[in-house]
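Right, one structure below, let's go through it.
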Amino acid sequence: MQQSGQGSLGINDIIFNIDLIERSLFHMPTCQQCGYKWGWIEAFFKMFTFSKKLRCPSCDSSQYVSRKTKKLLSLYIFISLLIVPFISSGVPKGYVLAFEIVAYALVIILMPFIYKLSNKDEQIWWSFKQRVH
């Protein structure tokens with residue numbers, strides 16, 4: 001049965017749109033050298049290393065967190081600042097603490113999906129020297 005309205009969506013359209021959203025939001029890091037797709041556990045444990053270089057498990061090439069990812073991750077630091085408006089508006093501290101714990105847990109669990117890799121170490125912000133040259 002065909003639908004005659006232009007504004008109506010069929011089930012296939014809805015599934016297609018959901019698939020596009022999942023592909024754009026939930027992706028795993030991919031090595032820019034060999035195309036190896038990292039698993040969630042690999043990416044999760046690499047997040048907690050203090051080295052700038054991340055080694056590809058497949059080809060052993062040096063990979064770096066991309067500039068765009070670094071900027072996005074730096075925004076997550078401000079989650080802790082959400083406490084201030086809640087406390088000042090009279091929300092009980094127990095609720096605020098529970099919210100913060102859940103928010104941090106979600107960020108840590110979803111962080112591997114946010115990672116994009118680069119073959120070179122990109123600075124998060126441009127320096128004056130880079131703009132001049």
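Going through the structure tokens in order, the chains are called A, B, and so on, while each chain numbers its residues from 1 and the ligands are numbered from 1 in the order shown.
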Need the shell around A:Lys120: protein/DNA/RNA residues with any atom at most 12 Å away, counting only C-alpha atoms. Skip same-chain ones fewer than 6 positions apart. Format as a list in words?
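Listed by chain and then number, they are Cys31, Gln32, Gln33, Lys52, Lys53, Leu54, Ser61, Ser62, Gln63, Tyr64, Val65, Ser66 and Arg67 of chain A.
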Selection near A:Gly39, 10 Å with only C-alpha atoms, sequence-local residues under 3 positions removed, as a PyMOL selection string
chain A and resi 27-30+36+42-44+112-113
Residues just named, written with N, CA, C and O atoms as a compact mmCIF listing (two decimals), in the first residue's frame:
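Dumped everything to selection.txt:
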```txt
# COMPACT_ATOMS: atom_id res chain seq x y z
N HIS A 27 30.68 5.32 16.39
CA HIS A 27 31.70 4.69 15.56
C HIS A 27 32.90 4.39 16.45
O HIS A 27 33.09 5.00 17.49
N MET A 28 33.64 3.41 16.07
CA MET A 28 34.83 3.08 16.82
C MET A 28 36.03 3.70 16.12
O MET A 28 36.01 3.95 14.91
N PRO A 29 37.10 3.96 16.87
CA PRO A 29 38.30 4.54 16.26
C PRO A 29 38.84 3.61 15.17
O PRO A 29 38.81 2.39 15.31
N THR A 30 39.31 4.22 14.10
CA THR A 30 39.86 3.46 12.97
C THR A 30 41.27 3.95 12.70
O THR A 30 41.52 5.15 12.60
N TYR A 36 42.28 -0.53 10.37
CA TYR A 36 41.82 -1.44 11.43
C TYR A 36 40.84 -0.71 12.35
O TYR A 36 41.12 0.38 12.82
N GLU A 42 39.67 -2.13 23.51
CA GLU A 42 40.98 -1.59 23.11
C GLU A 42 41.00 -0.07 23.25
O GLU A 42 41.91 0.51 23.83
N ALA A 43 39.97 0.57 22.73
CA ALA A 43 39.90 2.04 22.79
C ALA A 43 39.75 2.52 24.23
O ALA A 43 40.36 3.51 24.63
N PHE A 44 38.96 1.82 25.02
CA PHE A 44 38.73 2.20 26.41
C PHE A 44 40.03 2.19 27.19
O PHE A 44 40.36 3.15 27.90
N PRO A 112 34.93 5.95 24.07
CA PRO A 112 35.56 5.26 22.93
C PRO A 112 34.83 5.47 21.61
O PRO A 112 35.44 5.42 20.55
N PHE A 113 33.53 5.72 21.66
CA PHE A 113 32.78 5.96 20.42
C PHE A 113 33.08 7.33 19.83
O PHE A 113 32.79 7.58 18.67
```
Based on DSSP run over this structure's backbone, return all residues of stretch 34-99 of chain A in strand (DSSP E), as number ranges by chain.
A: 54-55, 62-65
Just C-alpha atoms for this one: save the residues we selected as a PDB file, in the first residue's frame.
```pdb
ATOM      1  CA  LEU A  54      48.552   5.233  20.535  1.00  0.00           C
ATOM      2  CA  ARG A  55      49.835   2.098  18.836  1.00  0.00           C
ATOM      3  CA  SER A  62      51.604   5.523  15.709  1.00  0.00           C
ATOM      4  CA  GLN A  63      48.144   7.009  15.941  1.00  0.00           C
ATOM      5  CA  TYR A  64      47.082  10.175  17.715  1.00  0.00           C
ATOM      6  CA  VAL A  65      43.752  11.476  18.954  1.00  0.00           C
TER       7      VAL A  65
END
```
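When only C-alpha atoms are used to compute distances to A:Glu100, the closest of the residues A:Asp60, A:Tyr76, A:Ile114, A:Asn119 turns out to be A:Tyr76.
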